[in-house]
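Peer 1: Handing you a structure now.
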Amino acid sequence: MRKFVVTIALALSSFSSFSQLVSLNNDEIKKLKTQIKNDIETKKLYLGAEKSALNYLSGQPNPIDTIRTEGLLQGNPKKERTRLALADMNKMFALALQYRITGDQKYLNKCVEFLGAWAKINKPNGDPIDDTNLDKAIEAYDLIKKDIPAADKKQIELWLTETALAEINSKRMKTGRATAINNWNAHRLKEVGEIGYTLNNQDFIRWAIDNLKSHININLYPDGTSLDFKERDAMHYHIYDLEPLLKLCIMIDRANGPNFYTYESPKGSSIKKSVEWLIPYINGEKQHEEYVNTTVKFDRDRARNNEPGFAPGTMFKPSLALPVLRLSLYFNPAQNDLLKNVSGNSGNWQKVLDELKHKR
């Protein structure tokens, strides 16, 4: 780990690449503009996004020093404070995207204001379940990084670097801890990889890829099930594990790296098999009662707290798998019909953005 401890002193000087792999690249932004102009449904969805971005221009950042969601029950004051602060994530992304679509400087300035406020106040604690909430902020920075003033750029990149290093060096990553091999690690790998690709930090990228291989081998099983499903007896956690893994796989593929969607571990497990194992439960061929045999106390605590969906015996709802379906389309377009069946015909702005990244 020493390499990562000392890297922070040198990291900012090595971030020179402006290629966008985490967010939309220049060609994809160009396609989006054309689609907004020529497609009625996309135009309608865009007008809603535009209206939101306009509203955000008059808002003020609401950063929090430490994100606290993991292990806290609904209603906990720390969790509620975090929930309110995290509304900034979507605001940053909306402002950044609107700047890239319109070229209007006011959106860039406001996004930088939000990012800078978080970079100044937020202190990472190496908890991937908390840090996974930073996705939209990282995507926002990736969209606008080439246009940010040098002083702001340095502050924001230092914050993101510290976040990745906190994850890599976290006590929760130590051998023998469940959080080193369960869904926590999936989110950890995604977060470090996401920051690595955004900042062009090759150490972070290599670390994420190397550990992704071992995670697939330890966390996923050849029959398609996962460690998290076995421990929690819940599709919810199988999905929660696959979603960050798919995000990381897409980034690696967009960087012309190996295809980790189909990659098989030495024991024969793969992300593809674990996605396909879900399909019968999504299309209704099979059903599952959630959390009946969970081994985790927190699941039972949430049930006692009357949090929706956590009561033992709650039937799995296929709509919960939408994030996995949307992401897996990048590698398997054949699942588009299933996605339509589950999501209906209603338009979705995020779906439009995701599809721009798909291979043609």
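Each chain of the structure tokens is named A, B, ... in the order shown, its residues numbered from 1; ligands are numbered from 1 in display order.
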Which residues come within 12 Å of segment 336-344 of chain A, counting only C-alpha atoms, excluding same-chain residues fewer than 2 positions away, as a count of residues only?
Peer 2: 32
Peer 1: Near Asn211 of chain A, within 12 Å and counting only C-alpha atoms, which residues show up once chain neighbours fewer than 5 positions away are dropped, as a ChimeraX atom specification?
Peer 2: /A:168,173,180-181,185-190,192-193,204-206,216-219,245,248,260,265
Peer 1: Please write the residues from the selection above to a file, keeping C-alpha atoms, as an mmCIF file, in the first residue's frame.
Peer 2:
data_model
loop_
_atom_site.group_PDB
_atom_site.id
_atom_site.type_symbol
_atom_site.label_atom_id
_atom_site.label_comp_id
_atom_site.auth_asym_id
_atom_site.auth_seq_id
_atom_site.Cartn_x
_atom_site.Cartn_y
_atom_site.Cartn_z
ATOM 1 C CA ILE A 168 -7.720 1.495 -1.164
ATOM 2 C CA MET A 173 -10.339 -3.758 2.873
ATOM 3 C CA ALA A 180 -13.317 -6.976 1.615
ATOM 4 C CA ILE A 181 -15.237 -9.509 -0.506
ATOM 5 C CA ASN A 185 -15.892 -4.357 -2.408
ATOM 6 C CA ALA A 186 -17.890 -4.114 -5.635
ATOM 7 C CA HIS A 187 -18.684 -0.484 -4.822
ATOM 8 C CA ARG A 188 -15.085 0.119 -3.718
ATOM 9 C CA LEU A 189 -13.702 -1.162 -7.018
ATOM 10 C CA LYS A 190 -16.176 0.896 -9.024
ATOM 11 C CA VAL A 192 -11.592 3.681 -7.414
ATOM 12 C CA GLY A 193 -11.887 2.765 -11.100
ATOM 13 C CA PHE A 204 -5.931 3.472 -9.541
ATOM 14 C CA ILE A 205 -7.009 1.859 -12.806
ATOM 15 C CA ARG A 206 -4.602 -1.065 -12.420
ATOM 16 C CA ILE A 216 -15.378 -12.079 -9.570
ATOM 17 C CA ASN A 217 -13.618 -15.238 -8.401
ATOM 18 C CA ILE A 218 -14.558 -14.856 -4.719
ATOM 19 C CA ASN A 219 -17.908 -13.054 -4.786
ATOM 20 C CA LEU A 245 -19.463 -4.176 -11.288
ATOM 21 C CA LEU A 248 -16.765 -0.606 -13.895
ATOM 22 C CA PHE A 260 -14.937 -8.227 -17.939
ATOM 23 C CA SER A 265 -12.686 -16.542 -13.144
#
Peer 1: Please run DSSP on the backbone and report, as JSON, numbers by chain, all residues within segment 169-296 of chain A that come out as alpha helix (DSSP H).
Peer 2: {"A": [183, 184, 185, 186, 187, 188, 189, 190, 191, 192, 193, 194, 195, 196, 197, 198, 199, 202, 203, 204, 205, 206, 207, 208, 209, 210, 211, 212, 213, 214, 215, 216, 217, 218, 219, 227, 228, 229, 230, 231, 232, 235, 236, 237, 238, 239, 240, 241, 242, 243, 244, 245, 246, 247, 248, 249, 250, 251, 252, 253, 254, 271, 272, 273, 274, 275, 276, 277, 278, 279, 280, 281, 282]}
Peer 1: Just write the chosen residues, C-alpha atoms, as a PDB file, in the first residue's frame.
Peer 2:
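Done, and the output landed in out.pdb:
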ATOM      1  CA  ASN A 183     -20.966  -5.901  -2.124  1.00  0.00           C
ATOM      2  CA  TRP A 184     -18.854  -3.328  -0.288  1.00  0.00           C
ATOM      3  CA  ASN A 185     -15.892  -4.357  -2.408  1.00  0.00           C
ATOM      4  CA  ALA A 186     -17.890  -4.114  -5.635  1.00  0.00           C
ATOM      5  CA  HIS A 187     -18.684  -0.484  -4.822  1.00  0.00           C
ATOM      6  CA  ARG A 188     -15.085   0.119  -3.718  1.00  0.00           C
ATOM      7  CA  LEU A 189     -13.702  -1.162  -7.018  1.00  0.00           C
ATOM      8  CA  LYS A 190     -16.176   0.896  -9.024  1.00  0.00           C
ATOM      9  CA  GLU A 191     -15.363   4.052  -7.085  1.00  0.00           C
ATOM     10  CA  VAL A 192     -11.592   3.681  -7.414  1.00  0.00           C
ATOM     11  CA  GLY A 193     -11.887   2.765 -11.100  1.00  0.00           C
ATOM     12  CA  GLU A 194     -14.239   5.648 -11.781  1.00  0.00           C
ATOM     13  CA  ILE A 195     -11.878   8.136 -10.187  1.00  0.00           C
ATOM     14  CA  GLY A 196      -8.921   6.502 -11.922  1.00  0.00           C
ATOM     15  CA  TYR A 197     -10.443   6.892 -15.373  1.00  0.00           C
ATOM     16  CA  THR A 198     -11.658  10.418 -14.654  1.00  0.00           C
ATOM     17  CA  LEU A 199      -8.232  11.558 -13.473  1.00  0.00           C
ATOM     18  CA  GLN A 202      -3.045   4.530 -14.003  1.00  0.00           C
ATOM     19  CA  ASP A 203      -2.270   3.246 -10.503  1.00  0.00           C
ATOM     20  CA  PHE A 204      -5.931   3.472  -9.541  1.00  0.00           C
ATOM     21  CA  ILE A 205      -7.009   1.859 -12.806  1.00  0.00           C
ATOM     22  CA  ARG A 206      -4.602  -1.065 -12.420  1.00  0.00           C
ATOM     23  CA  TRP A 207      -5.646  -1.555  -8.812  1.00  0.00           C
ATOM     24  CA  ALA A 208      -9.334  -1.656  -9.742  1.00  0.00           C
ATOM     25  CA  ILE A 209      -8.784  -4.122 -12.600  1.00  0.00           C
ATOM     26  CA  ASP A 210      -6.517  -6.433 -10.600  1.00  0.00           C
ATOM     27  CA  ASN A 211      -8.966  -6.555  -7.724  1.00  0.00           C
ATOM     28  CA  LEU A 212     -11.945  -6.955 -10.048  1.00  0.00           C
ATOM     29  CA  LYS A 213     -10.540 -10.287 -11.186  1.00  0.00           C
ATOM     30  CA  SER A 214     -10.262 -11.580  -7.627  1.00  0.00           C
ATOM     31  CA  HIS A 215     -13.695 -10.193  -6.714  1.00  0.00           C
ATOM     32  CA  ILE A 216     -15.378 -12.079  -9.570  1.00  0.00           C
ATOM     33  CA  ASN A 217     -13.618 -15.238  -8.401  1.00  0.00           C
ATOM     34  CA  ILE A 218     -14.558 -14.856  -4.719  1.00  0.00           C
ATOM     35  CA  ASN A 219     -17.908 -13.054  -4.786  1.00  0.00           C
ATOM     36  CA  LEU A 227     -21.950 -14.341  -2.004  1.00  0.00           C
ATOM     37  CA  ASP A 228     -24.307 -11.466  -1.246  1.00  0.00           C
ATOM     38  CA  PHE A 229     -27.362 -13.445  -2.334  1.00  0.00           C
ATOM     39  CA  LYS A 230     -26.285 -16.400  -0.198  1.00  0.00           C
ATOM     40  CA  GLU A 231     -25.722 -14.214   2.868  1.00  0.00           C
ATOM     41  CA  ARG A 232     -28.781 -11.974   2.521  1.00  0.00           C
ATOM     42  CA  MET A 235     -32.150 -10.393  -4.952  1.00  0.00           C
ATOM     43  CA  HIS A 236     -31.820  -6.810  -3.720  1.00  0.00           C
ATOM     44  CA  TYR A 237     -28.213  -7.471  -2.698  1.00  0.00           C
ATOM     45  CA  HIS A 238     -27.358  -9.560  -5.735  1.00  0.00           C
ATOM     46  CA  ILE A 239     -28.403  -6.532  -7.795  1.00  0.00           C
ATOM     47  CA  TYR A 240     -26.600  -4.128  -5.468  1.00  0.00           C
ATOM     48  CA  ASP A 241     -23.415  -6.112  -6.102  1.00  0.00           C
ATOM     49  CA  LEU A 242     -23.825  -6.364  -9.888  1.00  0.00           C
ATOM     50  CA  GLU A 243     -24.678  -2.707 -10.557  1.00  0.00           C
ATOM     51  CA  PRO A 244     -21.250  -1.269  -9.602  1.00  0.00           C
ATOM     52  CA  LEU A 245     -19.463  -4.176 -11.288  1.00  0.00           C
ATOM     53  CA  LEU A 246     -21.276  -3.458 -14.549  1.00  0.00           C
ATOM     54  CA  LYS A 247     -20.447   0.247 -14.310  1.00  0.00           C
ATOM     55  CA  LEU A 248     -16.765  -0.606 -13.895  1.00  0.00           C
ATOM     56  CA  CYS A 249     -16.871  -3.130 -16.760  1.00  0.00           C
ATOM     57  CA  ILE A 250     -18.318  -0.491 -19.077  1.00  0.00           C
ATOM     58  CA  MET A 251     -15.566   1.986 -18.186  1.00  0.00           C
ATOM     59  CA  ILE A 252     -12.874  -0.615 -18.799  1.00  0.00           C
ATOM     60  CA  ASP A 253     -14.398  -1.552 -22.142  1.00  0.00           C
ATOM     61  CA  ARG A 254     -14.700   2.099 -23.206  1.00  0.00           C
ATOM     62  CA  ILE A 271     -20.670 -11.217 -14.317  1.00  0.00           C
ATOM     63  CA  LYS A 272     -22.533 -12.424 -17.417  1.00  0.00           C
ATOM     64  CA  LYS A 273     -23.624 -15.619 -15.661  1.00  0.00           C
ATOM     65  CA  SER A 274     -24.747 -13.648 -12.602  1.00  0.00           C
ATOM     66  CA  VAL A 275     -26.808 -11.267 -14.755  1.00  0.00           C
ATOM     67  CA  GLU A 276     -28.375 -14.149 -16.673  1.00  0.00           C
ATOM     68  CA  TRP A 277     -29.205 -15.951 -13.424  1.00  0.00           C
ATOM     69  CA  LEU A 278     -31.459 -12.995 -12.596  1.00  0.00           C
ATOM     70  CA  ILE A 279     -33.474 -13.134 -15.820  1.00  0.00           C
ATOM     71  CA  PRO A 280     -36.085 -15.762 -14.801  1.00  0.00           C
ATOM     72  CA  TYR A 281     -36.866 -13.710 -11.693  1.00  0.00           C
ATOM     73  CA  ILE A 282     -37.222 -10.559 -13.788  1.00  0.00           C
TER      74      ILE A 282
END
Peer 1: Rounded to one decimal in Å, what is the spacing between atom CA of Asp301 of chain A and atom CA of Thr179 of chain A?
Peer 2: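 About the pair atom CA of Asp301 of chain A and atom CA of Thr179 of chain A: they are 18.9 Å apart.
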Peer 1: Looking at A:Ala234, A:Ile144, A:Ile29, A:Val352, which one is nearest to Ala311 of chain A, with distances taken over only C-alpha atoms?
Peer 2: A:Ala234
Peer 1: In Å, with one decimal, what is the gap from atom CA of Pro312 of chain A to atom CA of Asp233 of chain A?
Peer 2: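 Pair atom CA of Pro312 of chain A / atom CA of Asp233 of chain A returns 9.5 Å.
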Peer 1: To one decimal in Å, tell me the separation between atom CA of Leu57 of chain A and atom CA of Asn38 of chain A.
Peer 2: 27.1 Å
Peer 1: Which residue gives the smallest distance to Ser270 of chain A among A:Asn293, A:Ala151, A:Asp223, A:Ala255, with only C-alpha atoms counted?
Peer 2: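 Looking at the shortest contact to Ser270 of chain A, the residue is A:Asp223.
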Peer 1: Excluding Trp159 of chain A and any residue of its chain fewer than 2 positions from it, enumerate the residues within 9 Å of it, using only C-alpha atoms, and give them as a list in words.
Peer 2: Trp118, Ala119, Lys120, Asn122, Lys123, Pro124, Lys154, Gln155, Ile156, Glu157, Thr161, Glu162, Thr163 and Ala164 of chain A
Peer 1: If you count only C-alpha atoms, which residues fall within 8 Å of Pro61 of chain A, apart from same-chain ones fewer than 4 positions away, as a list in words?
Peer 2: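 Using only C-alpha atoms, the neighbours found are Asp88, Glu113, Phe114, Ala117 and Trp118 of chain A.
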Peer 1: Do a neighbour search on Tyr107 of chain A at 7 Å with only C-alpha atoms, toss out local chain neighbours closer than 5 positions, and write the hits as a list in words.
Peer 2: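 That gives Leu95, Ala96, Gln98 and Tyr99 of chain A.
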Peer 1: Write a file of the selected residues as an mmCIF file, in the first residue's frame, keeping C-alpha atoms.
Peer 2:
data_model
loop_
_atom_site.group_PDB
_atom_site.id
_atom_site.type_symbol
_atom_site.label_atom_id
_atom_site.label_comp_id
_atom_site.auth_asym_id
_atom_site.auth_seq_id
_atom_site.Cartn_x
_atom_site.Cartn_y
_atom_site.Cartn_z
ATOM 1 C CA LEU A 95 -25.442 21.537 -14.640
ATOM 2 C CA ALA A 96 -22.388 19.907 -16.224
ATOM 3 C CA GLN A 98 -26.349 21.385 -19.686
ATOM 4 C CA TYR A 99 -23.064 23.235 -20.095
#
Peer 1: Just checking: using only C-alpha atoms, which residue out of A:Ser58, A:Lys79, A:Gln335, A:Tyr261 ends up closest to Asn109 of chain A?
Peer 2: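 Of A:Ser58, A:Lys79, A:Gln335, A:Tyr261, the one nearest Asn109 of chain A, counting only C-alpha atoms, is A:Ser58.
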Peer 1: Give me every strand (DSSP E or B) residue in segment 93-327 of chain A, going by DSSP on the backbone, as a list of chain:residue names.
Peer 2: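 Matching residues, listed in order: A:Leu220, A:Ser226, A:Glu289, A:Glu290, A:Thr314, A:Met315.
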